[in-house]
Amino acid sequence: MRALAALALALAATFSAVPVMAASRLVSVEVRQVQPDKTYNGVAYVKVSGTVHGVVAPTDNVVGLERLPKNAAGEFEYASGFELIVPAAGQTPDEVIYIDSENRGSAISQGALGGFLQNHATAYARVQWQTGVSPGVPSTAQGVGLAIMRDFARWLAGRTPQTAVSGDFKPVAYGKLIIGGISQSAWLVDSFIAEGFNVDPVSGKRIFDGAIAIDGVGNWLAINRTAFDRGAAMSPYVDPDGRPYTRRQMLSRPQTDPVYVDVANYTDYYRLRASFTALDDPGDKSFRRYDFPSPHAVGNAASGARCNNGQTAEFNTLRYAPYMRALVLGLEKQIGVKAAARARGLPPSVLFDLTRAPARSPFFNPLPAAELQVPSTDADGWPLGGVRFPEADLPLGIPAPVALPPVDTTSISNTCGNMGGFRKFDQPELIRRYQSREAYQKAYAAKVDKLIARGFLLDEDKAALVQAAGAGLP
């Protein structure tokens, strides 16, 4: 018995001497500035900015990590900037926070959601993840940005209480987390989920409860494992010949995957191969896909000069922002946010009617060895099916060309195909169709009411939408 006891003590001593590998995490948060923002529904908000400092453990799934300099514990150390818009100290804290995946370092979702989130008791956050933007993300191991997004979210959820915070700010733990992105940042959302970063490295539990990717459509960034496995050059953009993920490839971990909202704009079928995710909707509550007749982006004078073969273009100015706001609120209801309990839930998926894509066209970006599809169109060139904005049912012109050439994804700066052209009806044609602006707005308002009832628009946006409708009519 004494011999067994001695052996047990020896084994215990041996195992206690083996270091336990710590997980990746934020080590500290340096708050540099806290500024008053605005008051929303009686709650004062502040803008908080500074730098997060963290480490990536050698066990993390980051391509190129083994070649980076390490600290004594074998971890890669980084620093990255962040911003929060949250209730001020002493105010009622929000339950949910929307973490924006930056687009080229910009707060991309703020254009559509600025102020809206706070009016609906939702905090906002962002952190730098892109090489060349974040000082902590090396070009040789860009997947570090995925770890930063994950561990920033874990800190905001209160899962890393050991993270030291310096400065005049005391964080609260958010019970619900949403990750969102538009265009390039939506592809970060896709990569984040598909590559397993929505799994907490300590508990193994889900991190983000919900995700919304505007123009995501299954595209991924060539920053980590997917790019490495496919032999693509590392870049914070899509691989030009990379196949988008299908829905099943993105959401392959049912225990930890978020409720995912995928949105395709009309031009995404021509530049970004949007049919990959359109054809893979299981119809369950964990995934929604919505097709919008708006363009991916609205052009301006600068983009017009470099697109459309140098020819002057009238841009399609249809915007999806109010529809995105409705979906964010529906997503909050779907994941159980108390402040959104009275909101309409997420509608069922609604897709365009699709047909075979053209074999060759200056307005279409093909993919080798893939059969792609594009929307069928009505007599006025608007896509059939999908979420029928009033502008599609009551058109003031024809969305042509559907995407401005060159329509390709060969570099991060080649974005002409995100924009669409527009040919306005002349005034005699407008009068023939609608008689007057008053009559047009009445018909427009009826369409808006139906979209509100279905959960695609909010009552609070109706007045502004109707007031702006029918420009050009007497």
# chains A, B, ... in the order shown; residues from 1 in each chain; ligands from 1
>>> residues_around(residues="range 390-397 of chain A", least_positions_apart="2", cutoff="9 Å", atoms="only C-alpha atoms", output="number ranges by chain")
A: 293, 318, 380-384, 388, 399-400, 422-426, 430, 433-434, 440, 443-448, 451, 469-472
>>> residues_around(residues="range 196-204 of chain A", least_positions_apart="2", cutoff="9 Å", atoms="only C-alpha atoms", output="ChimeraX atom specification")
/A:22-24,60-61,146-147,149-151,154,191-194,206-208,252-253,256-258
>>> select_by_dssp(residues="range 327-430 of chain A", states="strand (DSSP E or B)", output="CSV table (one decimal) with C-alpha atoms, in the first residue's frame")
chain,number,residue,atom,x,y,z
A,350,VAL,CA,-37.6,34.8,-49.8
A,352,PHE,CA,-35.5,35.4,-56.5
A,354,LEU,CA,-33.6,32.0,-60.8
A,355,THR,CA,-32.5,31.0,-64.3
A,356,ARG,CA,-29.2,29.9,-65.8
A,373,GLN,CA,-27.7,31.2,-61.8
A,374,VAL,CA,-29.1,34.7,-61.9
A,375,PRO,CA,-32.6,36.2,-61.3
A,377,THR,CA,-36.6,39.6,-64.7
A,383,PRO,CA,-35.8,40.7,-60.6
A,385,GLY,CA,-39.4,37.0,-56.6
A,397,GLY,CA,-37.1,53.3,-64.4
A,398,ILE,CA,-35.1,50.2,-65.5
A,419,MET,CA,-23.0,49.1,-58.5
A,421,GLY,CA,-27.0,51.4,-63.7
A,423,ARG,CA,-32.5,54.3,-66.9
A,424,LYS,CA,-35.2,56.6,-65.7
>>> closest_residue(among="A:Leu65, A:Val27, A:Val165, A:Ile214", to="Gly50 in chain A", atoms="only C-alpha atoms")
A:Val165
>>> closest_residue(among="A:Trp220, A:Tyr237, A:Tyr124, A:Tyr45", to="Thr410 in chain A", atoms="only C-alpha atoms")
A:Tyr237
>>> residues_around(residues="Leu177 in chain A", least_positions_apart="3", cutoff="8 Å", atoms="only C-alpha atoms", output="CSV table (one decimal) with N, CA and C atoms, in the first residue's frame")
chain,number,residue,atom,x,y,z
A,96,VAL,N,-28.2,43.2,-25.2
A,96,VAL,CA,-27.6,42.7,-26.4
A,96,VAL,C,-26.6,43.7,-26.9
A,97,ILE,N,-25.5,43.2,-27.6
A,97,ILE,CA,-24.6,44.1,-28.3
A,97,ILE,C,-24.3,43.6,-29.7
A,98,TYR,N,-24.3,44.5,-30.6
A,98,TYR,CA,-24.1,44.2,-32.0
A,98,TYR,C,-22.6,44.5,-32.3
A,99,ILE,N,-21.8,43.5,-32.6
A,99,ILE,CA,-20.4,43.7,-32.9
A,99,ILE,C,-20.2,43.7,-34.4
A,153,ALA,N,-15.2,39.5,-28.4
A,153,ALA,CA,-16.6,39.1,-28.1
A,153,ALA,C,-16.7,38.4,-26.7
A,157,ALA,N,-18.9,39.5,-23.4
A,157,ALA,CA,-19.8,38.6,-22.8
A,157,ALA,C,-19.5,38.3,-21.4
A,174,TYR,N,-22.6,41.2,-21.5
A,174,TYR,CA,-23.8,41.2,-22.4
A,174,TYR,C,-24.3,39.7,-22.5
A,207,ILE,N,-20.5,31.5,-29.0
A,207,ILE,CA,-20.2,32.8,-28.6
A,207,ILE,C,-21.3,33.8,-29.2
A,208,PHE,N,-21.4,34.0,-30.5
A,208,PHE,CA,-22.4,34.8,-31.0
A,208,PHE,C,-23.7,34.0,-31.2
A,209,ASP,N,-24.8,34.6,-30.7
A,209,ASP,CA,-26.1,34.0,-30.8
A,209,ASP,C,-26.7,34.2,-32.2
A,210,GLY,N,-26.4,35.4,-32.8
A,210,GLY,CA,-27.0,35.7,-34.1
A,210,GLY,C,-25.9,36.3,-35.0
>>> residues_around(residues="Val62 in chain A", least_positions_apart="3", cutoff="7 Å", atoms="only C-alpha atoms", output="count of residues only")
5
>>> select_by_dssp(residues="range 148-396 of chain A", states="helix (DSSP H, G or I)", output="PyMOL selection string")
chain A and resi 148-156+184-194+225-229+247-250+268-271+275-278+301-306+308-310+321-334+338-340+390-393
>>> write_last_selection(atoms="C-alpha atoms", output="mmCIF file, in the first residue's frame")
data_model
loop_
_atom_site.group_PDB
_atom_site.id
_atom_site.type_symbol
_atom_site.label_atom_id
_atom_site.label_comp_id
_atom_site.auth_asym_id
_atom_site.auth_seq_id
_atom_site.Cartn_x
_atom_site.Cartn_y
_atom_site.Cartn_z
ATOM 1 C CA ILE A 148 -9.227 38.926 -32.098
ATOM 2 C CA MET A 149 -12.905 39.082 -33.092
ATOM 3 C CA ARG A 150 -13.665 35.973 -31.061
ATOM 4 C CA ASP A 151 -11.827 37.005 -27.921
ATOM 5 C CA PHE A 152 -13.127 40.592 -28.044
ATOM 6 C CA ALA A 153 -16.629 39.095 -28.063
ATOM 7 C CA ARG A 154 -15.768 36.742 -25.187
ATOM 8 C CA TRP A 155 -14.617 39.731 -23.141
ATOM 9 C CA LEU A 156 -17.831 41.645 -23.873
ATOM 10 C CA GLN A 184 -16.031 42.539 -47.268
ATOM 11 C CA SER A 185 -16.901 42.481 -43.569
ATOM 12 C CA ALA A 186 -19.780 40.062 -44.254
ATOM 13 C CA TRP A 187 -17.204 37.687 -45.726
ATOM 14 C CA LEU A 188 -15.322 37.970 -42.441
ATOM 15 C CA VAL A 189 -18.551 36.844 -40.730
ATOM 16 C CA ASP A 190 -18.770 33.866 -43.098
ATOM 17 C CA SER A 191 -15.124 32.914 -42.512
ATOM 18 C CA PHE A 192 -15.447 33.343 -38.750
ATOM 19 C CA ILE A 193 -18.342 30.907 -38.514
ATOM 20 C CA ALA A 194 -17.213 28.392 -41.119
ATOM 21 C CA ARG A 225 -7.556 27.867 -43.237
ATOM 22 C CA THR A 226 -9.982 27.887 -46.184
ATOM 23 C CA ALA A 227 -7.521 29.865 -48.292
ATOM 24 C CA PHE A 228 -4.590 27.695 -47.211
ATOM 25 C CA ASP A 229 -6.418 24.463 -47.984
ATOM 26 C CA ARG A 247 -25.039 27.072 -46.341
ATOM 27 C CA ARG A 248 -24.086 23.609 -45.060
ATOM 28 C CA GLN A 249 -20.375 24.434 -45.279
ATOM 29 C CA MET A 250 -20.849 27.630 -43.296
ATOM 30 C CA ASP A 268 -24.478 39.977 -55.987
ATOM 31 C CA TYR A 269 -25.795 37.392 -58.437
ATOM 32 C CA TYR A 270 -23.700 38.965 -61.184
ATOM 33 C CA ARG A 271 -20.453 39.672 -59.333
ATOM 34 C CA SER A 275 -26.640 31.358 -56.144
ATOM 35 C CA PHE A 276 -24.373 29.102 -54.052
ATOM 36 C CA THR A 277 -26.238 29.899 -50.831
ATOM 37 C CA ALA A 278 -29.571 30.591 -52.531
ATOM 38 C CA ALA A 301 -18.781 60.555 -59.269
ATOM 39 C CA ALA A 302 -15.452 58.958 -58.336
ATOM 40 C CA SER A 303 -16.622 55.410 -58.966
ATOM 41 C CA GLY A 304 -18.360 56.467 -62.156
ATOM 42 C CA ALA A 305 -15.104 57.729 -63.622
ATOM 43 C CA ARG A 306 -13.404 54.339 -63.300
ATOM 44 C CA ASN A 308 -18.569 51.334 -67.115
ATOM 45 C CA ASN A 309 -15.654 51.627 -69.553
ATOM 46 C CA GLY A 310 -15.335 55.303 -68.710
ATOM 47 C CA ALA A 321 -30.933 50.187 -45.089
ATOM 48 C CA PRO A 322 -34.514 50.196 -43.682
ATOM 49 C CA TYR A 323 -34.881 46.517 -44.588
ATOM 50 C CA MET A 324 -31.634 45.693 -42.792
ATOM 51 C CA ARG A 325 -32.934 47.472 -39.685
ATOM 52 C CA ALA A 326 -36.080 45.336 -39.670
ATOM 53 C CA LEU A 327 -34.034 42.155 -40.031
ATOM 54 C CA VAL A 328 -31.706 43.077 -37.170
ATOM 55 C CA LEU A 329 -34.706 43.608 -34.893
ATOM 56 C CA GLY A 330 -36.265 40.352 -36.100
ATOM 57 C CA LEU A 331 -32.978 38.572 -35.409
ATOM 58 C CA GLU A 332 -32.936 39.984 -31.877
ATOM 59 C CA LYS A 333 -36.423 38.601 -31.306
ATOM 60 C CA GLN A 334 -35.338 35.248 -32.745
ATOM 61 C CA LYS A 338 -36.195 40.923 -24.167
ATOM 62 C CA ALA A 339 -36.244 44.457 -25.628
ATOM 63 C CA ALA A 340 -37.284 42.969 -28.998
ATOM 64 C CA PRO A 390 -42.192 49.072 -53.700
ATOM 65 C CA GLU A 391 -39.665 50.430 -56.221
ATOM 66 C CA ALA A 392 -39.741 47.068 -58.024
ATOM 67 C CA ASP A 393 -43.543 46.882 -58.187
#
>>> atom_distance(atom1="CA of Thr131 in chain A", atom2="CA of Gly64 in chain A")
13.5 Å
>>> atom_distance(atom1="CA of Gly242 in chain A", atom2="CA of Ile178 in chain A")
26.8 Å
>>> closest_residue(among="A:Pro474, A:Gly180, A:Gly90, A:Gly345", to="Arg432 in chain A", atoms="only C-alpha atoms")
A:Pro474
>>> atom_distance(atom1="CA of Ala164 in chain A", atom2="CA of Val52 in chain A")
10.0 Å
>>> residues_around(residues="Leu367 in chain A", least_positions_apart="3", cutoff="12 Å", atoms="only C-alpha atoms", output="VMD selection string")
chain A and resid 239 to 244 269 to 276 357 to 360 364 370 to 373 408 to 409
